[in-house]
$ cat entry.txt   # compact mmCIF, C-alpha atoms and all ligand atoms
# COMPACT_ATOMS: atom_id res chain seq x y z
CA MET A 1 -112.52 -13.84 21.71
CA SER A 2 -111.32 -16.61 23.97
CA THR A 3 -107.69 -17.18 22.91
CA ALA A 4 -105.44 -14.27 22.03
CA PRO A 5 -104.90 -13.90 18.28
CA GLN A 6 -101.35 -13.79 17.00
CA LEU A 7 -101.90 -10.55 15.14
CA SER A 8 -104.06 -7.48 15.68
CA VAL A 9 -104.46 -4.85 12.99
CA VAL A 10 -105.53 -1.52 14.49
CA MET A 11 -107.23 0.86 12.09
CA PRO A 12 -108.50 4.32 13.07
CA ILE A 13 -111.50 5.13 10.90
CA TYR A 14 -113.16 8.52 10.62
CA ASN A 15 -115.71 9.27 7.91
CA GLU A 16 -114.21 6.80 5.46
CA GLN A 17 -117.35 5.60 3.70
CA GLU A 18 -115.68 5.77 0.28
CA ALA A 19 -112.30 4.32 1.22
CA LEU A 20 -113.25 1.62 3.72
CA PRO A 21 -114.79 -0.95 1.31
CA LEU A 22 -111.71 -0.72 -0.92
CA THR A 23 -109.41 -1.06 2.08
CA VAL A 24 -111.24 -4.15 3.32
CA GLU A 25 -111.15 -5.67 -0.15
CA ARG A 26 -107.36 -5.38 -0.25
CA LEU A 27 -106.62 -6.10 3.39
CA ARG A 28 -108.67 -9.26 3.90
CA PRO A 29 -106.97 -11.60 1.39
CA ILE A 30 -103.58 -10.58 2.75
CA LEU A 31 -104.53 -11.36 6.35
CA ASP A 32 -106.32 -14.57 5.39
CA GLY A 33 -103.22 -15.65 3.48
CA LEU A 34 -100.93 -15.17 6.49
CA GLY A 35 -102.00 -18.40 8.12
CA VAL A 36 -102.17 -16.88 11.62
CA ASP A 37 -105.06 -16.07 13.94
CA TYR A 38 -105.82 -12.41 13.62
CA GLU A 39 -108.28 -9.68 14.47
CA VAL A 40 -108.81 -6.33 12.82
CA VAL A 41 -109.65 -3.64 15.34
CA GLY A 42 -111.60 -0.98 13.49
CA VAL A 43 -111.81 2.09 15.73
CA ASP A 44 -114.68 4.27 14.56
CA ASP A 45 -113.66 7.73 15.73
CA GLY A 46 -117.20 9.12 15.91
CA SER A 47 -117.89 9.06 12.17
CA THR A 48 -120.93 11.04 11.05
CA ASP A 49 -121.37 9.51 7.59
CA ALA A 50 -122.34 5.95 6.61
CA THR A 51 -119.13 4.48 8.09
CA PRO A 52 -120.74 2.91 11.23
CA VAL A 53 -123.38 1.10 9.17
CA LEU A 54 -120.73 -0.02 6.74
CA MET A 55 -118.58 -1.40 9.55
CA GLN A 56 -121.47 -3.45 10.89
CA LYS A 57 -122.00 -4.86 7.41
CA ILE A 58 -118.34 -5.73 7.05
CA ARG A 59 -118.38 -7.48 10.40
CA GLN A 60 -121.32 -9.63 9.35
CA ASP A 61 -119.29 -11.57 6.81
CA TRP A 62 -115.87 -11.00 8.35
CA PRO A 63 -116.01 -12.15 12.00
CA GLU A 64 -112.36 -11.18 12.54
CA PHE A 65 -113.36 -7.55 11.99
CA ARG A 66 -113.93 -6.12 15.43
CA ILE A 67 -115.63 -2.77 15.97
CA ILE A 68 -114.84 -0.21 18.63
CA ARG A 69 -116.88 2.94 18.49
CA PHE A 70 -116.15 6.23 20.23
CA SER A 71 -118.95 8.35 21.61
CA ARG A 72 -117.64 11.27 19.52
CA ASN A 73 -114.73 12.32 17.34
CA SER A 74 -111.60 12.33 19.48
CA GLY A 75 -108.77 12.41 16.95
CA HIS A 76 -106.47 10.01 15.16
CA GLN A 77 -104.03 9.57 18.06
CA ALA A 78 -106.85 8.87 20.53
CA ALA A 79 -108.25 6.24 18.15
CA LEU A 80 -104.81 4.67 17.93
CA LYS A 81 -104.56 4.65 21.70
CA ALA A 82 -107.90 2.90 22.11
CA GLY A 83 -106.94 0.35 19.46
CA LEU A 84 -103.57 -0.39 21.06
CA HIS A 85 -105.03 -0.59 24.54
CA ARG A 86 -107.76 -2.99 23.49
CA ALA A 87 -105.95 -5.14 20.94
CA PHE A 88 -105.42 -8.74 22.03
CA GLY A 89 -102.72 -9.80 19.56
CA ASP A 90 -99.15 -10.90 20.22
CA TYR A 91 -98.19 -8.46 17.49
CA VAL A 92 -100.10 -5.28 16.74
CA VAL A 93 -99.92 -3.43 13.43
CA SER A 94 -101.41 0.07 13.14
CA ILE A 95 -102.50 1.17 9.71
CA ASP A 96 -104.55 3.99 8.14
CA ALA A 97 -107.94 3.21 6.65
CA ASP A 98 -107.36 5.06 3.37
CA LEU A 99 -104.83 2.64 1.79
CA GLN A 100 -102.03 5.18 2.02
CA ASP A 101 -100.16 2.51 3.94
CA PRO A 102 -100.08 -0.52 1.60
CA PRO A 103 -101.35 -3.56 3.55
CA GLU A 104 -99.10 -5.79 1.41
CA LYS A 105 -96.26 -4.82 3.77
CA ILE A 106 -97.88 -6.44 6.82
CA PRO A 107 -96.53 -9.98 6.07
CA GLU A 108 -93.06 -8.47 5.57
CA MET A 109 -93.25 -6.65 8.92
CA LEU A 110 -94.40 -9.76 10.74
CA ALA A 111 -91.74 -11.96 9.15
CA LEU A 112 -88.99 -9.46 9.99
CA ALA A 113 -90.12 -9.15 13.60
CA ARG A 114 -90.21 -12.92 14.04
CA GLU A 115 -86.95 -13.69 12.27
CA GLN A 116 -84.89 -11.07 14.06
CA ASN A 117 -86.87 -11.07 17.28
CA LEU A 118 -87.72 -7.38 16.99
CA ASP A 119 -90.21 -5.49 19.12
CA ILE A 120 -90.79 -2.68 16.66
CA VAL A 121 -90.88 -2.63 12.86
CA TYR A 122 -91.36 0.84 11.40
CA GLY A 123 -92.99 1.42 8.07
CA VAL A 124 -90.68 4.01 6.56
CA ARG A 125 -91.87 6.15 3.68
CA GLY A 126 -89.45 5.71 0.87
CA ASP A 127 -91.11 8.16 -1.45
CA ARG A 128 -93.62 10.90 -0.76
CA GLY A 129 -94.08 11.68 -4.42
CA THR A 130 -97.84 11.39 -4.13
CA ASP A 131 -98.13 13.91 -1.30
CA THR A 132 -98.56 17.57 -2.10
CA PHE A 133 -95.48 19.79 -2.14
CA PHE A 134 -96.80 21.56 0.94
CA LYS A 135 -97.34 18.32 2.88
CA ARG A 136 -93.87 17.07 1.99
CA ARG A 137 -92.24 20.28 3.12
CA THR A 138 -94.15 20.55 6.39
CA ALA A 139 -93.58 16.84 7.08
CA GLY A 140 -89.86 17.30 6.35
CA ALA A 141 -89.63 20.15 8.85
CA TYR A 142 -91.58 18.15 11.42
CA TYR A 143 -89.31 15.11 11.23
CA TRP A 144 -86.19 17.28 11.29
CA LEU A 145 -87.34 18.90 14.52
CA MET A 146 -88.50 15.63 16.08
CA ARG A 147 -85.15 13.96 15.47
CA ARG A 148 -83.55 16.77 17.38
CA LEU A 149 -85.94 16.26 20.31
CA VAL A 150 -86.07 12.46 20.48
CA GLY A 151 -82.61 11.77 19.10
CA LYS A 152 -81.24 9.61 16.33
CA ARG A 153 -83.36 6.64 17.38
CA MET A 154 -86.29 8.22 15.64
CA PRO A 155 -86.32 7.05 12.02
CA SER A 156 -87.17 9.91 9.72
CA GLN A 157 -90.32 9.58 7.67
CA ALA A 158 -91.84 6.93 9.94
CA GLY A 159 -95.50 7.67 10.54
CA ASP A 160 -98.06 5.57 12.33
CA TYR A 161 -97.77 2.51 10.08
CA ARG A 162 -95.79 0.10 12.24
CA LEU A 163 -95.73 -3.23 13.99
CA LEU A 164 -95.34 -3.56 17.76
CA SER A 165 -94.77 -6.67 19.83
CA ARG A 166 -96.90 -7.42 22.89
CA ALA A 167 -93.99 -6.25 25.09
CA ALA A 168 -93.83 -2.89 23.31
CA VAL A 169 -97.61 -2.46 23.47
CA ASP A 170 -97.62 -3.22 27.18
CA ALA A 171 -94.81 -0.71 27.72
CA LEU A 172 -96.85 1.95 25.88
CA LYS A 173 -99.95 1.07 27.86
CA ALA A 174 -98.05 1.59 31.09
CA LEU A 175 -97.21 5.20 30.18
CA PRO A 176 -99.28 7.81 32.01
CA GLU A 177 -99.64 9.99 28.89
CA HIS A 178 -103.19 11.15 28.24
CA GLN A 179 -102.52 12.46 24.75
CA PRO A 180 -99.71 10.22 23.58
CA VAL A 181 -97.86 11.04 20.37
CA TYR A 182 -96.90 7.50 19.41
CA ARG A 183 -94.50 8.30 16.63
CA LEU A 184 -92.26 9.88 19.29
CA LEU A 185 -92.98 7.55 22.19
CA VAL A 186 -92.31 4.36 20.25
CA PRO A 187 -88.69 5.23 19.31
CA TRP A 188 -88.21 6.62 22.80
CA LEU A 189 -88.92 3.13 24.26
CA GLY A 190 -85.60 2.03 22.80
CA PHE A 191 -86.73 -1.53 22.01
CA PRO A 192 -84.96 -3.48 19.24
CA SER A 193 -86.37 -2.24 15.97
CA GLY A 194 -86.24 -2.70 12.23
CA GLU A 195 -87.61 -0.95 9.18
CA VAL A 196 -89.68 -1.85 6.16
CA VAL A 197 -89.61 0.68 3.33
CA TYR A 198 -92.85 1.43 1.51
CA VAL A 199 -94.20 3.88 -0.99
CA ARG A 200 -96.80 6.22 0.40
CA GLU A 201 -99.68 5.86 -1.98
CA GLU A 202 -102.36 8.34 -2.78
CA ARG A 203 -105.46 8.34 -0.59
CA VAL A 204 -107.78 5.92 -2.34
CA ALA A 205 -110.96 7.96 -1.85
CA GLY A 206 -112.33 10.80 0.25
CA ALA A 207 -110.34 13.74 1.59
CA THR A 208 -107.67 14.10 4.26
CA HIS A 209 -108.82 14.74 7.82
CA TYR A 210 -105.54 16.44 8.65
CA PRO A 211 -105.96 20.06 7.66
CA LEU A 212 -103.30 22.58 8.59
CA ALA A 213 -104.83 23.31 12.01
CA LYS A 214 -104.65 19.64 13.05
CA MET A 215 -101.12 19.34 11.69
CA MET A 216 -100.06 22.36 13.76
CA ARG A 217 -101.68 20.78 16.80
CA LEU A 218 -99.82 17.52 16.31
CA ALA A 219 -96.54 19.43 15.91
CA LEU A 220 -97.15 21.53 19.04
CA ASP A 221 -98.19 18.44 21.04
CA SER A 222 -95.09 16.62 19.85
CA ILE A 223 -92.76 19.42 20.84
CA THR A 224 -94.26 20.14 24.25
CA ASN A 225 -94.60 16.42 24.97
CA PHE A 226 -90.94 15.85 24.54
CA SER A 227 -89.06 18.93 25.50
CA ALA A 228 -89.00 22.02 27.65
CA ALA A 229 -86.57 23.61 25.16
CA PRO A 230 -89.09 26.22 23.92
CA LEU A 231 -89.26 27.56 27.45
CA ARG A 232 -85.50 28.06 27.38
CA LEU A 233 -85.98 30.01 24.17
CA ALA A 234 -87.66 32.65 26.32
CA THR A 235 -84.54 32.99 28.43
CA TYR A 236 -82.31 33.30 25.35
CA LEU A 237 -84.54 35.92 23.75
CA GLY A 238 -84.58 37.84 27.01
CA LEU A 239 -80.78 37.72 27.20
CA VAL A 240 -80.33 38.88 23.61
CA SER A 241 -82.67 41.81 24.02
CA PHE A 242 -80.97 42.74 27.30
CA VAL A 243 -77.57 42.84 25.60
CA VAL A 244 -78.97 44.90 22.71
CA CYS A 245 -80.53 47.34 25.14
CA ILE A 246 -77.25 47.77 27.05
CA GLY A 247 -75.50 48.46 23.74
CA LEU A 248 -78.08 51.06 22.80
CA ALA A 249 -77.85 52.72 26.20
CA ILE A 250 -74.05 53.03 25.85
CA HIS A 251 -74.46 54.39 22.33
CA ALA A 252 -76.98 56.99 23.55
CA THR A 253 -74.74 58.09 26.42
CA VAL A 254 -71.66 58.36 24.21
CA SER A 255 -73.44 60.40 21.54
CA TYR A 256 -74.86 62.68 24.22
CA ALA A 257 -71.35 63.21 25.60
CA LEU A 258 -70.08 63.98 22.10
CA GLY A 259 -72.74 66.63 21.77
CA SER A 260 -74.83 65.08 19.05
CA THR A 261 -78.52 64.66 19.67
CA VAL A 262 -79.76 61.31 20.86
CA PRO A 263 -81.70 59.61 18.03
CA GLY A 264 -85.27 60.07 19.01
CA TRP A 265 -88.64 58.46 18.77
CA SER A 266 -88.18 55.77 16.21
CA SER A 267 -85.35 53.93 17.95
CA LEU A 268 -87.13 54.20 21.26
CA PHE A 269 -90.32 52.93 19.77
CA ILE A 270 -88.67 50.02 17.96
CA GLY A 271 -86.95 48.95 21.16
CA MET A 272 -90.21 49.07 23.02
CA LEU A 273 -92.05 47.05 20.38
CA PHE A 274 -89.24 44.49 20.29
CA LEU A 275 -89.33 43.95 24.03
CA GLY A 276 -93.12 43.82 24.03
CA GLY A 277 -93.03 41.19 21.29
CA VAL A 278 -90.46 39.08 23.10
CA GLN A 279 -92.51 39.22 26.26
CA LEU A 280 -95.68 38.19 24.49
CA ILE A 281 -93.95 35.24 22.83
CA CYS A 282 -92.64 34.11 26.20
CA VAL A 283 -96.02 34.44 27.87
CA GLY A 284 -97.55 32.46 25.00
CA LEU A 285 -94.97 29.71 25.43
CA LEU A 286 -95.68 29.53 29.14
CA GLY A 287 -99.37 29.38 28.29
CA GLU A 288 -98.84 26.37 26.02
CA TYR A 289 -97.20 24.45 28.82
CA VAL A 290 -99.57 25.62 31.54
CA GLY A 291 -102.50 24.57 29.35
CA ARG A 292 -101.02 21.12 28.97
CA ILE A 293 -100.27 20.84 32.69
CA TYR A 294 -103.85 21.85 33.32
CA SER A 295 -105.30 19.19 31.04
CA ALA A 296 -102.91 16.58 32.46
CA VAL A 297 -103.99 17.46 36.00
CA LYS A 298 -107.66 17.24 35.04
CA ALA A 299 -106.75 13.74 33.83
CA ARG A 300 -109.70 13.44 31.50
CA PRO A 301 -109.58 10.36 29.32
CA ALA A 302 -108.71 10.98 25.68
CA TYR A 303 -111.84 9.17 24.48
CA PHE A 304 -114.95 7.34 25.57
CA ILE A 305 -115.83 3.95 24.18
CA GLY A 306 -119.45 3.72 23.12
CA TYR A 307 -119.29 0.14 21.89
CA ASP A 308 -116.83 -2.71 21.51
CA SER A 309 -117.97 -5.71 19.54
CA ALA A 310 -115.58 -7.90 21.55
CA GLU A 311 -117.37 -7.06 24.79
CA ASP A 312 -120.80 -6.16 23.61
CA GLU A 313 -121.95 -4.51 26.83
CA GLN A 314 -118.74 -2.54 27.40
CA ARG A 315 -119.38 1.09 28.21
CA GLY A 316 -117.26 3.63 30.01
CA PRO A 317 -114.13 5.72 29.88
CA GLY A 318 -111.08 4.41 28.09
CA ARG A 319 -107.69 4.90 29.65
N1 LIG A 401 -108.65 9.63 11.47
C1 LIG A 401 -109.30 9.43 12.70
N2 LIG A 401 -109.77 10.53 13.39
C2 LIG A 401 -109.62 11.80 12.92
C3 LIG A 401 -108.91 11.99 11.69
C4 LIG A 401 -108.44 10.89 11.01
O1 LIG A 401 -109.46 8.30 13.16
O2 LIG A 401 -110.07 12.74 13.58
C5 LIG A 401 -108.14 8.45 10.73
C6 LIG A 401 -108.52 8.39 9.26
O3 LIG A 401 -109.75 7.74 9.04
C7 LIG A 401 -107.35 7.62 8.66
C8 LIG A 401 -106.17 8.03 9.53
O4 LIG A 401 -106.73 8.51 10.75
O5 LIG A 401 -107.53 6.22 8.74
C9 LIG A 401 -105.29 9.09 8.88
O6 LIG A 401 -106.06 10.22 8.55
P1 LIG A 401 -105.93 10.98 7.15
O7 LIG A 401 -105.76 9.98 6.06
O8 LIG A 401 -107.09 11.91 7.04
O9 LIG A 401 -104.60 11.81 7.35
P2 LIG A 401 -103.38 11.99 6.32
O10 LIG A 401 -103.05 10.62 5.77
O11 LIG A 401 -103.86 12.91 5.27
O12 LIG A 401 -102.26 12.56 7.14
MG MG A 402 -104.33 9.44 4.82
$ encode --input "entry.txt" --output "structure tokens" --more "lines below"
Ligand code: UDP
Ligand code: MG
Amino acid sequence: MSTAPQLSVVMPIYNEQEALPLTVERLRPILDGLGVDYEVVGVDDGSTDATPVLMQKIRQDWPEFRIIRFSRNSGHQAALKAGLHRAFGDYVVSIDADLQDPPEKIPEMLALAREQNLDIVYGVRGDRGTDTFFKRRTAGAYYWLMRRLVGKRMPSQAGDYRLLSRAAVDALKALPEHQPVYRLLVPWLGFPSGEVVYVREERVAGATHYPLAKMMRLALDSITNFSAAPLRLATYLGLVSFVVCIGLAIHATVSYALGSTVPGWSSLFIGMLFLGGVQLICVGLLGEYVGRIYSAVKARPAYFIGYDSAEDEQRGPGR
């Protein structure tokens, strides 16, 4: 592409053979109707179904549909990173490929950003009625915790459906993070921002790729990315158990002096187990951080680009 488009739409895609045709069908008329130059950056996160073939087909009659393919599955956030780093647009919108983020909101986001000169427009979920009870609860807990870590700037219920200006994208690109968690980093930038409320729809086809294990991973990454507070937890737990132990020691001495027998095995054993547990938790916490320091020091890229239709011969690590 010779001149930079005004808008890039970044879409991580992983095994979406059922949803993708429907998404394209709804997305294309909206983008065509905007009257701006645009590109859609479809990031194929190492799909193993018919998605890659499908994407090639889509590109054949939709030249604005650009394809980036990873060498293997690297995760939603890595796909987002590649898309943001390689998008050319003056504004970049990131959106899921399963129509859970209604593409009809893109014109609204763009208009808001232009009118008010905003660098960030969050898509905020007004209603999670279509999500399962479990997902709503875990998401609620996640956002509650994240607001405490990042501060009030973080809008609650804002996922990865958002618009960024070129300035915001360049700021994100300059960060050294290897595994960025964008929904925390974007508010942390502190750029002027606005919100567009939308209703989180049901996934149009296929199944979620975010099972509990991946959700836990995202939560752990988010916490350790933004705070050393869990490490302090170790100190607090240590202090509490120290105070309890002192109390018990005094109690034992006093009852001995009063002639009654010192309560025996069970209290001793409980104390021992408690301290052992506290120590293991603390070691585990340290491990979480040491593991992340280790992977940061190794500095391995989060993904490898196998193919980019914008630079057909491109091959190599993505940063
Ligand atoms: N996705 C991805 N790599 C993955 C998992 C998911 O690129 O390893 C994409 C997926 O195709 C979708 C978006 O990320 O466009 C959100 O994933 P999903 O809908 O499965 O998550 P949920 O909406 O259930 O949280
Ligand atoms: Mg989804």
$ closest_residue --input "entry.txt" --among "A:Ile67, A:Leu99, A:Ala82, A:Val9" --to "A:Leu22" --atoms "only C-alpha atoms"
A:Leu99
$ residues_near_ligand --input "entry.txt" --ligand "ligand MG 402 (chain A)" --cutoff "6 Å" --atoms "all atoms listed in the file" --output "PDB file with C-alpha atoms, in the coordinates of the input"
ATOM      1  CA  ASP A  98    -107.360   5.060   3.370  1.00  0.00           C
ATOM      2  CA  GLN A 100    -102.030   5.180   2.020  1.00  0.00           C
ATOM      3  CA  ARG A 203    -105.460   8.340  -0.590  1.00  0.00           C
ATOM      4  CA  THR A 208    -107.670  14.100   4.260  1.00  0.00           C
TER       5      THR A 208
END
$ closest_atom_pairs --input "entry.txt" --of "chain A" --to "ligand LIG 401 (chain A)" --cutoff "7 Å" --atoms "all atoms listed in the file" --output "JSON lines"
{"residue": "A:Met11", "atom": "CA", "partner": "A:LIG401", "partner_atom": "O5", "distance": 6.3}
{"residue": "A:Pro12", "atom": "CA", "partner": "A:LIG401", "partner_atom": "O1", "distance": 4.1}
{"residue": "A:Ile13", "atom": "CA", "partner": "A:LIG401", "partner_atom": "O3", "distance": 3.7}
{"residue": "A:Tyr14", "atom": "CA", "partner": "A:LIG401", "partner_atom": "O3", "distance": 3.8}
{"residue": "A:Asn15", "atom": "CA", "partner": "A:LIG401", "partner_atom": "O3", "distance": 6.3}
{"residue": "A:Glu16", "atom": "CA", "partner": "A:LIG401", "partner_atom": "O3", "distance": 5.8}
{"residue": "A:Asp44", "atom": "CA", "partner": "A:LIG401", "partner_atom": "O1", "distance": 6.7}
{"residue": "A:Asp45", "atom": "CA", "partner": "A:LIG401", "partner_atom": "O1", "distance": 5.0}
{"residue": "A:Asn73", "atom": "CA", "partner": "A:LIG401", "partner_atom": "O2", "distance": 6.0}
{"residue": "A:Ser74", "atom": "CA", "partner": "A:LIG401", "partner_atom": "O2", "distance": 6.1}
{"residue": "A:Gly75", "atom": "CA", "partner": "A:LIG401", "partner_atom": "O2", "distance": 3.6}
{"residue": "A:His76", "atom": "CA", "partner": "A:LIG401", "partner_atom": "N2", "distance": 3.8}
{"residue": "A:Ala79", "atom": "CA", "partner": "A:LIG401", "partner_atom": "O1", "distance": 5.5}
{"residue": "A:Asp96", "atom": "CA", "partner": "A:LIG401", "partner_atom": "O5", "distance": 3.8}
{"residue": "A:Ala97", "atom": "CA", "partner": "A:LIG401", "partner_atom": "O5", "distance": 3.7}
{"residue": "A:Asp98", "atom": "CA", "partner": "A:LIG401", "partner_atom": "O5", "distance": 5.5}
{"residue": "A:Gln100", "atom": "CA", "partner": "A:LIG401", "partner_atom": "O10", "distance": 6.7}
{"residue": "A:Arg203", "atom": "CA", "partner": "A:LIG401", "partner_atom": "O7", "distance": 6.9}
{"residue": "A:Ala207", "atom": "CA", "partner": "A:LIG401", "partner_atom": "O8", "distance": 6.6}
{"residue": "A:Thr208", "atom": "CA", "partner": "A:LIG401", "partner_atom": "O8", "distance": 3.6}
{"residue": "A:His209", "atom": "CA", "partner": "A:LIG401", "partner_atom": "O8", "distance": 3.4}
{"residue": "A:Tyr210", "atom": "CA", "partner": "A:LIG401", "partner_atom": "O9", "distance": 4.9}
$ closest_residue --input "entry.txt" --among "A:Pro180, A:Pro29, A:Pro211, A:Pro187" --to "A:Ala302" --atoms "all atoms listed in the file"
A:Pro180
$ closest_residue --input "entry.txt" --among "A:Val121, A:Val283, A:Ala87, A:Ala219" --to "A:Trp144" --atoms "all atoms listed in the file"
A:Ala219
$ residues_around --input "entry.txt" --residues "A:Gln157" --least-positions-apart "5" --cutoff "7 Å" --atoms "all atoms listed in the file" --output "short mmCIF file (atom, residue, chain, number, x, y, z; two decimals) with C-alpha atoms, keeping the file's coordinate frame"
data_model
loop_
_atom_site.label_atom_id
_atom_site.label_comp_id
_atom_site.auth_asym_id
_atom_site.auth_seq_id
_atom_site.Cartn_x
_atom_site.Cartn_y
_atom_site.Cartn_z
CA VAL A 124 -90.68 4.01 6.56
CA ARG A 125 -91.87 6.15 3.68
CA TYR A 143 -89.31 15.11 11.23
#
$ residues_around --input "entry.txt" --residues "A:Ala296" --least-positions-apart "6" --cutoff "12 Å" --atoms "all atoms listed in the file" --output "list in words"
Pro176, Glu177, His178, Gln179, Pro180, Asn225, Tyr289, Val290 and Ala302 of chain A
$ write_last_selection --input "entry.txt" --atoms "C-alpha atoms" --output "PDB file, keeping the file's coordinate frame"
ATOM      1  CA  PRO A 176     -99.280   7.810  32.010  1.00  0.00           C
ATOM      2  CA  GLU A 177     -99.640   9.990  28.890  1.00  0.00           C
ATOM      3  CA  HIS A 178    -103.190  11.150  28.240  1.00  0.00           C
ATOM      4  CA  GLN A 179    -102.520  12.460  24.750  1.00  0.00           C
ATOM      5  CA  PRO A 180     -99.710  10.220  23.580  1.00  0.00           C
ATOM      6  CA  ASN A 225     -94.600  16.420  24.970  1.00  0.00           C
ATOM      7  CA  TYR A 289     -97.200  24.450  28.820  1.00  0.00           C
ATOM      8  CA  VAL A 290     -99.570  25.620  31.540  1.00  0.00           C
ATOM      9  CA  ALA A 302    -108.710  10.980  25.680  1.00  0.00           C
TER      10      ALA A 302
END
$ residues_near_point --input "entry.txt" --point "(-83.7, 10.6, 10.6)" --cutoff "12 Å" --atoms "only C-alpha atoms" --output "list in words"
Val124, Arg125, Gly140, Ala141, Tyr142, Tyr143, Trp144, Leu145, Met146, Arg147, Arg148, Leu149, Val150, Gly151, Lys152, Arg153, Met154, Pro155, Ser156, Gln157, Ala158 and Pro187 of chain A
$ write_last_selection --input "entry.txt" --atoms "C-alpha atoms" --output "CSV table (one decimal), in the frame of the given file"
chain,number,residue,atom,x,y,z
A,124,VAL,CA,-90.7,4.0,6.6
A,125,ARG,CA,-91.9,6.2,3.7
A,140,GLY,CA,-89.9,17.3,6.4
A,141,ALA,CA,-89.6,20.2,8.8
A,142,TYR,CA,-91.6,18.2,11.4
A,143,TYR,CA,-89.3,15.1,11.2
A,144,TRP,CA,-86.2,17.3,11.3
A,145,LEU,CA,-87.3,18.9,14.5
A,146,MET,CA,-88.5,15.6,16.1
A,147,ARG,CA,-85.2,14.0,15.5
A,148,ARG,CA,-83.6,16.8,17.4
A,149,LEU,CA,-85.9,16.3,20.3
A,150,VAL,CA,-86.1,12.5,20.5
A,151,GLY,CA,-82.6,11.8,19.1
A,152,LYS,CA,-81.2,9.6,16.3
A,153,ARG,CA,-83.4,6.6,17.4
A,154,MET,CA,-86.3,8.2,15.6
A,155,PRO,CA,-86.3,7.0,12.0
A,156,SER,CA,-87.2,9.9,9.7
A,157,GLN,CA,-90.3,9.6,7.7
A,158,ALA,CA,-91.8,6.9,9.9
A,187,PRO,CA,-88.7,5.2,19.3
$ closest_residue --input "entry.txt" --among "A:Val186, A:Val24, A:Ala4, A:Ile223" --to "A:Pro102" --atoms "all atoms listed in the file"
A:Val24
$ closest_residue --input "entry.txt" --among "A:Arg136, A:Lys57, A:Arg292, A:Arg166" --to "A:Ser222" --atoms "all atoms listed in the file"
A:Arg292
$ closest_residue --input "entry.txt" --among "A:Glu195, A:Val181, A:Glu108, A:Leu31" --to "A:Ala78" --atoms "all atoms listed in the file"
A:Val181
$ residues_around --input "entry.txt" --residues "A:Val278" --least-positions-apart "2" --cutoff "9 Å" --atoms "all atoms listed in the file" --output "list of chain:residue names"
A:Ala234, A:Leu237, A:Gly238, A:Ser241, A:Leu273, A:Phe274, A:Leu275, A:Gly276, A:Leu280, A:Ile281, A:Cys282, A:Val283
$ atom_distance --input "entry.txt" --atom1 "atom CA of A:Leu189" --atom2 "atom CA of A:Leu218"
19.7 Å
$ atom_distance --input "entry.txt" --atom1 "atom CA of A:Leu164" --atom2 "atom CA of A:Val204"
25.5 Å
$ axis_aligned_box --input "entry.txt" --around "stretch 157-164 of chain A" --padding-each-side "5 Å" --output "lines of an AutoDock Vina configuration file"
center_x = -94.2
center_y = 3.0
center_z = 12.7
size_x = 17.7
size_y = 23.1
size_z = 20.1
$ build_atoms --input "entry.txt" --residues "stretch 67-78 of chain A" --atoms "N, CA and C atoms" --output "mmCIF file, keeping the file's coordinate frame"
data_model
loop_
_atom_site.group_PDB
_atom_site.id
_atom_site.type_symbol
_atom_site.label_atom_id
_atom_site.label_comp_id
_atom_site.auth_asym_id
_atom_site.auth_seq_id
_atom_site.Cartn_x
_atom_site.Cartn_y
_atom_site.Cartn_z
ATOM 1 N N ILE A 67 -115.270 -4.195 16.033
ATOM 2 C CA ILE A 67 -115.630 -2.770 15.970
ATOM 3 C C ILE A 67 -115.548 -2.136 17.347
ATOM 4 N N ILE A 68 -114.812 -1.038 17.419
ATOM 5 C CA ILE A 68 -114.840 -0.210 18.630
ATOM 6 C C ILE A 68 -115.373 1.136 18.199
ATOM 7 N N ARG A 69 -116.350 1.644 18.889
ATOM 8 C CA ARG A 69 -116.880 2.940 18.490
ATOM 9 C C ARG A 69 -116.736 3.958 19.614
ATOM 10 N N PHE A 70 -116.236 5.150 19.262
ATOM 11 C CA PHE A 70 -116.150 6.230 20.230
ATOM 12 C C PHE A 70 -117.503 6.930 20.320
ATOM 13 N N SER A 71 -117.711 7.595 21.444
ATOM 14 C CA SER A 71 -118.950 8.350 21.610
ATOM 15 C C SER A 71 -118.951 9.588 20.714
ATOM 16 N N ARG A 72 -117.751 10.086 20.383
ATOM 17 C CA ARG A 72 -117.640 11.270 19.520
ATOM 18 C C ARG A 72 -116.257 11.290 18.892
ATOM 19 N N ASN A 73 -116.047 12.204 17.969
ATOM 20 C CA ASN A 73 -114.730 12.320 17.340
ATOM 21 C C ASN A 73 -113.687 12.768 18.351
ATOM 22 N N SER A 74 -112.614 11.997 18.491
ATOM 23 C CA SER A 74 -111.600 12.330 19.480
ATOM 24 C C SER A 74 -110.208 12.460 18.891
ATOM 25 N N GLY A 75 -110.073 12.223 17.602
ATOM 26 C CA GLY A 75 -108.770 12.410 16.950
ATOM 27 C C GLY A 75 -108.062 11.099 16.662
ATOM 28 N N HIS A 76 -107.203 11.157 15.650
ATOM 29 C CA HIS A 76 -106.470 10.010 15.160
ATOM 30 C C HIS A 76 -105.636 9.334 16.260
ATOM 31 N N GLN A 77 -104.900 10.145 17.039
ATOM 32 C CA GLN A 77 -104.030 9.570 18.060
ATOM 33 C C GLN A 77 -104.834 8.902 19.175
ATOM 34 N N ALA A 78 -105.995 9.480 19.514
ATOM 35 C CA ALA A 78 -106.850 8.870 20.530
ATOM 36 C C ALA A 78 -107.391 7.539 20.026
#
